[in-house]
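This is final-v3.txt. It holds compact mmCIF, C-alpha atoms.
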# COMPACT_ATOMS: atom_id res chain seq x y z
CA MET A 284 103.44 86.08 131.14
CA LEU A 285 102.41 82.68 129.82
CA ILE A 286 99.13 81.18 128.77
CA THR A 287 98.70 77.46 129.24
CA GLY A 288 96.30 74.86 128.01
CA GLY A 289 94.36 72.74 130.49
CA ALA A 290 95.01 69.07 131.06
CA SER A 291 93.10 66.62 128.91
CA GLY A 292 91.96 63.19 130.03
CA GLY A 293 94.10 63.32 133.18
CA SER A 294 97.31 63.75 131.20
CA ALA A 295 99.95 66.34 132.00
CA ALA A 296 99.15 69.96 131.21
CA ALA A 297 99.94 71.15 127.72
CA GLN A 298 103.20 72.91 127.10
CA PRO A 299 103.01 76.61 128.06
CA VAL A 300 102.39 78.95 125.15
CA PRO A 301 104.35 82.21 125.36
CA ALA A 302 102.27 85.36 125.33
CA ILE A 303 102.65 87.94 122.57
CA ARG A 304 105.52 90.22 123.61
CA VAL A 305 104.68 93.88 122.99
CA LEU A 306 106.88 96.96 123.18
CA LEU A 307 105.04 100.28 123.54
CA SER A 308 106.56 103.46 122.07
CA HIS A 309 104.68 106.69 122.74
CA PRO A 310 105.86 110.18 123.76
CA GLU A 311 103.20 110.63 126.48
CA THR A 312 103.60 108.86 129.82
CA LEU A 313 99.90 108.67 130.60
CA VAL A 314 99.07 107.24 127.18
CA ARG A 315 101.76 104.60 127.54
CA ALA A 316 100.37 103.64 130.94
CA SER A 317 96.83 103.42 129.53
CA LEU A 318 97.95 101.26 126.61
CA CYS A 319 99.90 99.01 128.94
CA ALA A 320 96.88 98.57 131.23
CA LEU A 321 94.65 97.83 128.23
CA LEU A 322 96.92 95.17 126.75
CA GLU A 323 97.88 93.55 130.05
CA GLN A 324 94.20 92.75 130.68
CA HIS A 325 94.59 89.95 128.13
CA ALA A 326 96.35 86.76 129.18
CA ASP A 327 97.85 86.22 125.74
CA ILE A 328 99.61 89.61 125.64
CA SER A 329 102.58 90.79 127.70
CA VAL A 330 104.02 94.32 127.60
CA ILE A 331 107.78 93.88 127.93
CA GLY A 332 108.79 97.53 127.81
CA GLN A 333 107.78 101.14 127.28
CA ALA A 334 109.75 103.66 125.25
CA ALA A 335 109.36 107.44 125.37
CA ASP A 336 111.32 108.16 122.18
CA GLY A 337 112.61 106.50 119.04
CA GLN A 338 116.11 105.75 120.24
CA GLN A 339 114.81 104.10 123.39
CA ALA A 340 112.43 102.02 121.27
CA VAL A 341 115.34 100.74 119.17
CA GLU A 342 117.38 99.87 122.27
CA LEU A 343 114.51 98.11 124.03
CA ALA A 344 113.62 96.18 120.87
CA ARG A 345 117.25 95.07 120.55
CA ARG A 346 117.33 93.79 124.12
CA GLY A 347 113.79 92.49 124.51
CA ARG A 348 113.09 91.02 121.06
CA PRO A 349 109.34 91.77 121.14
CA ASP A 350 106.89 90.19 118.73
CA VAL A 351 105.08 93.48 118.10
CA VAL A 352 106.33 97.06 118.51
CA LEU A 353 103.63 99.70 118.76
CA ILE A 354 104.97 103.04 117.53
CA ASP A 355 103.17 106.37 117.68
CA ILE A 356 103.89 108.37 114.53
CA ARG A 357 104.64 111.47 116.65
CA LEU A 358 107.49 109.76 118.49
CA CYS A 359 110.25 112.21 119.45
CA GLY A 360 114.02 111.95 119.13
CA LEU A 361 114.86 109.33 116.52
CA ASP A 362 111.90 109.66 114.16
CA PRO A 363 109.47 106.72 113.70
CA LEU A 364 110.69 106.05 110.14
CA GLU A 365 114.32 105.62 111.17
CA ALA A 366 113.32 103.75 114.34
CA THR A 367 111.32 101.32 112.21
CA ARG A 368 114.23 100.80 109.84
CA GLN A 369 116.70 100.15 112.65
CA ILE A 370 114.41 97.80 114.56
CA LEU A 371 113.66 95.71 111.49
CA ALA A 372 117.28 95.74 110.29
CA GLU A 373 118.45 94.10 113.51
CA ALA A 374 115.56 91.64 113.83
CA PRO A 375 115.42 88.14 112.34
CA THR A 376 113.33 88.03 109.17
CA GLY A 377 109.70 88.40 110.19
CA GLY A 378 110.71 88.30 113.85
CA ILE A 379 109.35 91.73 114.82
CA ARG A 380 106.24 93.39 113.45
CA ILE A 381 105.72 97.15 113.61
CA LEU A 382 102.25 98.54 114.35
CA VAL A 383 101.99 102.29 113.75
CA ILE A 384 99.33 104.52 115.29
CA GLY A 385 98.77 108.13 114.33
CA PRO A 386 96.34 110.83 113.20
CA GLU A 387 95.15 110.69 109.61
CA ASP A 388 96.62 114.10 108.73
CA TRP A 389 100.14 112.67 109.06
CA GLU A 390 99.61 110.79 105.80
CA GLU A 391 103.11 111.18 104.35
CA GLN A 392 104.79 109.96 107.51
CA LEU A 393 102.40 107.01 107.82
CA PHE A 394 102.97 105.97 104.22
CA ALA A 395 106.76 106.27 104.61
CA VAL A 396 106.75 104.01 107.67
CA LEU A 397 104.56 101.50 105.82
CA ARG A 398 107.09 101.45 102.97
CA ALA A 399 109.87 100.92 105.51
CA GLY A 400 108.26 97.69 106.62
CA ALA A 401 105.51 98.46 109.14
CA ARG A 402 102.91 95.68 109.11
CA GLY A 403 99.95 97.62 110.49
CA LEU A 404 98.43 101.10 110.52
CA LEU A 405 95.76 102.28 112.94
CA ALA A 406 94.08 105.65 113.40
CA GLY A 407 94.67 107.40 116.71
CA ASP A 408 90.99 107.14 117.63
CA THR A 409 90.89 103.37 117.09
CA ASP A 410 88.60 101.43 119.41
CA PRO A 411 90.55 99.62 122.19
CA ALA A 412 89.22 96.24 121.05
CA GLU A 413 90.53 96.91 117.53
CA LEU A 414 93.98 97.68 118.93
CA VAL A 415 94.05 94.36 120.78
CA ARG A 416 92.91 92.57 117.61
CA ALA A 417 95.63 94.34 115.62
CA VAL A 418 98.33 93.12 118.00
CA ARG A 419 97.09 89.55 117.60
CA VAL A 420 96.83 89.84 113.82
CA LEU A 421 100.41 91.10 113.48
CA ALA A 422 101.71 88.48 115.91
CA ARG A 423 100.30 85.81 113.57
CA GLY A 424 102.46 87.22 110.78
CA GLU A 425 99.60 88.97 108.98
CA ALA A 426 99.14 92.65 108.11
CA LEU A 427 96.40 95.07 109.08
CA LEU A 428 95.47 98.33 107.40
CA SER A 429 92.80 100.34 109.18
CA PRO A 430 90.50 102.22 106.78
CA GLY A 431 90.56 105.16 109.17
CA ALA A 432 94.34 105.34 109.03
CA THR A 433 94.75 104.80 105.29
CA ARG A 434 91.85 106.47 103.46
CA ARG A 435 93.18 110.01 103.73
CA LEU A 436 96.73 108.75 103.29
CA ILE A 437 95.74 107.27 99.93
CA GLU A 438 93.61 110.23 98.82
CA GLU A 439 96.06 112.95 99.76
CA PHE A 440 99.45 111.32 99.21
CA ALA A 441 99.06 108.72 96.48
CA ALA A 442 96.75 110.87 94.37
CA VAL A 443 99.20 113.77 94.10
CA PRO A 444 101.27 113.55 90.92
CA ASP A 445 104.93 113.10 91.78
CA PRO A 446 107.48 113.51 88.99
CA GLN A 447 109.96 111.47 91.03
CA ARG A 448 107.60 108.52 91.36
CA ARG A 449 108.31 105.74 88.92
CA THR A 450 106.71 102.39 88.27
CA PRO A 451 108.99 99.74 89.83
CA ALA A 452 110.89 97.88 87.13
CA GLU A 453 109.69 94.63 88.67
CA LEU A 454 106.10 95.61 87.88
CA GLU A 455 106.85 94.97 84.23
CA GLU A 456 107.69 91.36 85.10
CA LEU A 457 104.13 90.68 86.23
CA THR A 458 101.77 88.85 83.93
CA ALA A 459 98.51 90.52 82.93
CA ARG A 460 96.61 88.36 85.42
CA GLU A 461 99.08 89.14 88.22
CA ARG A 462 98.65 92.87 87.61
CA GLU A 463 94.89 92.37 87.67
CA VAL A 464 95.09 90.52 90.99
CA LEU A 465 97.42 93.19 92.41
CA THR A 466 94.90 95.87 91.44
CA LEU A 467 92.09 94.03 93.23
CA VAL A 468 94.25 93.56 96.32
CA ALA A 469 94.85 97.32 96.36
CA LEU A 470 91.09 97.91 96.13
CA GLY A 471 90.76 96.06 99.44
CA LEU A 472 89.29 92.81 98.16
CA GLY A 473 90.05 89.59 100.05
CA ASN A 474 91.05 86.37 98.30
CA ASP A 475 87.49 85.04 98.20
CA ALA A 476 86.20 88.24 96.60
CA ILE A 477 89.03 88.27 94.06
CA ALA A 478 88.32 84.64 93.16
CA GLY A 479 84.68 85.50 92.59
CA ARG A 480 85.48 88.57 90.52
CA LEU A 481 87.92 86.69 88.25
CA VAL A 482 85.98 83.40 88.28
CA VAL A 483 88.97 81.38 89.46
CA THR A 484 89.63 79.24 92.53
CA TYR A 485 90.81 80.55 95.89
CA ALA A 486 94.02 78.53 95.49
CA THR A 487 94.69 80.19 92.14
CA VAL A 488 94.39 83.63 93.71
CA ARG A 489 96.83 82.65 96.46
CA THR A 490 99.29 81.44 93.84
CA HIS A 491 99.09 84.71 91.89
CA ILE A 492 99.56 86.76 95.07
CA THR A 493 102.52 84.68 96.20
CA ARG A 494 104.23 85.03 92.81
CA THR A 495 103.52 88.75 92.77
CA MET A 496 105.06 89.16 96.24
CA CYS A 497 108.18 87.33 95.09
CA LYS A 498 108.56 89.43 91.94
CA LEU A 499 108.00 92.72 93.80
CA HIS A 500 110.03 91.69 96.84
CA ALA A 501 107.02 92.40 99.05
CA HIS A 502 106.98 90.66 102.42
CA ASP A 503 103.22 90.93 102.87
CA ARG A 504 99.92 92.17 101.48
CA ALA A 505 100.33 95.62 102.99
CA LYS A 506 103.48 96.16 100.95
CA LEU A 507 101.63 95.12 97.78
CA VAL A 508 98.99 97.78 98.48
CA ALA A 509 101.68 100.41 98.97
CA ILE A 510 103.41 99.47 95.70
CA ALA A 511 100.14 99.52 93.76
CA TYR A 512 99.31 103.07 94.87
CA GLU A 513 102.83 104.44 94.82
CA SER A 514 103.48 103.19 91.30
CA GLY A 515 100.22 104.62 89.99
CA LEU A 516 98.83 101.20 89.06
CA VAL A 517 95.78 102.15 91.12
CA ARG A 518 94.50 105.70 91.53
CA PRO A 519 92.66 106.47 94.79
CA ARG A 520 89.46 108.05 93.54
CA ARG A 521 89.02 105.44 90.86
CA ALA A 522 89.84 102.78 93.41
CA PHE A 523 87.23 103.95 95.90
CA ALA A 524 84.61 104.10 93.16
CA ALA A 525 85.45 100.57 92.03
CA ALA A 526 85.53 99.22 95.57
CA ALA A 527 82.14 100.74 96.29
CA THR A 528 80.57 98.50 93.66
CA THR A 529 81.74 95.38 95.47
CA PRO A 530 79.62 94.42 98.51
CA ALA A 531 81.57 94.47 101.79
CA PRO A 532 85.06 93.75 100.48
CA ALA A 533 87.49 92.31 103.01
CA LEU A 534 90.31 94.51 104.24
CA PRO A 535 93.80 93.51 103.10
CA THR A 536 94.59 92.13 106.54
CA ALA A 537 95.78 88.60 105.91
CA ALA A 538 98.92 87.31 104.34
CA ALA A 539 98.44 85.65 100.97
Take the structure in the file and write it out as C-alpha cells.
Amino acid sequence: MLITGGASGGSAAAQPVPAIRVLLSHPETLVRASLCALLEQHADISVIGQAADGQQAVELARRGRPDVVLIDIRLCGLDPLEATRQILAEAPTGGIRILVIGPEDWEEQLFAVLRAGARGLLAGDTDPAELVRAVRVLARGEALLSPGATRRLIEEFAAVPDPQRRTPAELEELTAREREVLTLVALGLGNDAIAGRLVVTYATVRTHITRTMCKLHAHDRAKLVAIAYESGLVRPRRAFAAAATTPAPALPTAAA
C-alpha cells in the first residue's frame, strides 16, 4: 500500500510515499484479524503479515522487514523477550521498532522486553486510536510509553529491592546536571518542562539528553527511563509524588 501526494501547479504527482509496514504478532486469530482491520483502515499503514507465535514473528520479520512489529506479551512458542531480541539482532540499526501490548499485571515481562529494545508499551485495553498513533510514533523513530502499561510495572517491579540490581558503571560517568536531567526524564517530563524546571534552554536539554544516551548506550528515551528506574536513581513512589507537582508533564514519547 502506498500513499501519494497530489499534483501541484499542474506538475507531475509527487513521488509515492511508502506506507508504514506493520507485522502483527498475537496468539488469538480473531484479535489478529481485528487489529489488521483497524490498521488497514488508514492509508499510511499496511499490515504485511500476521504471526501466531514468537518463532513465526521472527521468520516473518526476517522476510518482510517491517517498520513496526506489534507483539502481544502473551505470545506462545518462542517467548516475546527472545523474539524481540532475535528480531532486533537481525535488523539494521533502528530499522525495526517493537511495540509491545499486554496486561499491566505482566509487569516483569513487559519491563524485560523494554530492556531488550522494545520502543513502545501499551496496555491491553488501549483505545484503538491510541494504537494507531503508537504505530505512527514508533515509525518516526520515537518511543512511546503508555501510562496504563507502565505505572504498575514501575510500582511493582522497580520498587522491589533487588540485591542483584546494580547501578550501571556508566552512570558514574554522568555529570551532576546530566543525572538531574535523567531523573526528570524518568519522571515523565518533556524537554520543554525540563528546560523550565532547570531554567535552561530547550537546546541545552537536548544536548544533555543526547550525551546521556551516548554514555549509557541508550538508543532512545524509553531506554533512559528503564535505566533510571532499574538502577535505583529514581524510586517509583517518590517519582510519582514529584511528578504530581508538575502540571501536565509530557510523556517520554519523543526521541531527544
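The shortest atom-to-atom distance to Leu507 of chain A, with all atoms listed in the file taken into account, belongs to A:Val464 out of A:Val383, A:Ala316, A:Val464, A:Ala476.
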Skipping near chain neighbours, those fewer than 4 positions away, what residues fall within 6 Å of Gln333 of chain A using all atoms listed in the file, listed as an NGL selection string? :A and (306-308)
Report as a list in words all protein, DNA and RNA residues lying within 9 Å of segment 334-340 of chain A, evaluated on only C-alpha atoms, omitting residues in the same chain fewer than 2 positions from it.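 So the residues in contact are Leu306, Leu307, Ser308, His309, Pro310, Glu311, Thr312, Arg315, Gly332, Glu342, Leu343, Ala344, Arg345, Val352, Ile354, Leu358, Cys359, Gly360, Leu361, Asp362, Pro363, Glu365, Ala366, Thr367 and Ile370 of chain A.
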Between atom CA of Ile492 of chain A and atom CA of Asn474 of chain A - distance in Å to one decimal: 9.1 Å
Provide the atom CA of Val415 of chain A to atom CA of Ala399 of chain A distance in Å, to one decimal place.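 Answer for the atom CA of Val415 of chain A to atom CA of Ala399 of chain A separation: 22.9 Å.
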Can you list, as a PyMOL selection string, every protein, DNA or RNA residue that comes within 9 Å of Asp408 of chain A when you count all atoms listed in the file, leaving out same-chain residues fewer than 2 positions away? chain A and resi 385-386+405-406+410-411+431
Have a look at A:Ala320, A:Leu454, A:Val396, A:Leu313 and name the one nearest to Cys497 of chain A; count all atoms listed in the file.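 That would be A:Leu454, the residue with the smallest distance to Cys497 of chain A.
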Within 9 Å of Leu421 of chain A, counting only C-alpha atoms, which residues show up once you throw out same-chain ones fewer than 3 positions away? Write them as a PyMOL selection string, please. chain A and resi 350-351+380-382+402-403+416-418+424-427
(100.5, 99.0, 84.9) in this file's frame - what residues fall within 9 Å of it? Use only C-alpha atoms and give the answer as a PDB file with C-alpha atoms, keeping the file's coordinate frame.
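The new file out_8.pdb reads:
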ATOM      1  CA  THR A 450     106.710 102.390  88.270  1.00  0.00           C
ATOM      2  CA  LEU A 454     106.100  95.610  87.880  1.00  0.00           C
ATOM      3  CA  GLU A 455     106.850  94.970  84.230  1.00  0.00           C
ATOM      4  CA  ALA A 459      98.510  90.520  82.930  1.00  0.00           C
ATOM      5  CA  ARG A 462      98.650  92.870  87.610  1.00  0.00           C
ATOM      6  CA  ALA A 511     100.140  99.520  93.760  1.00  0.00           C
ATOM      7  CA  SER A 514     103.480 103.190  91.300  1.00  0.00           C
ATOM      8  CA  GLY A 515     100.220 104.620  89.990  1.00  0.00           C
ATOM      9  CA  LEU A 516      98.830 101.200  89.060  1.00  0.00           C
ATOM     10  CA  VAL A 517      95.780 102.150  91.120  1.00  0.00           C
TER      11      VAL A 517
END
Given the choices A:Leu499, A:Thr484, A:Tyr512, A:Ala452, which gets closest to Leu470 of chain A if the distance is worked out from only C-alpha atoms?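 Smallest separation from Leu470 of chain A among the options: A:Tyr512.
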When you draw a straight line from atom CA of Ile356 of chain A to atom CA of Gly471 of chain A, how long is it in Å?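 So the answer is 23.5 Å.
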Taking all atoms of segment 304-311 of chain A that appear in the file, build a box with edges along x, y and z, extend it by 8 Å on every side, and state its centre and edge lengths in Å to one decimal, as lines of an AutoDock Vina configuration file.
center_x = 105.0
center_y = 100.4
center_z = 124.3
size_x = 19.7
size_y = 36.4
size_z = 20.4
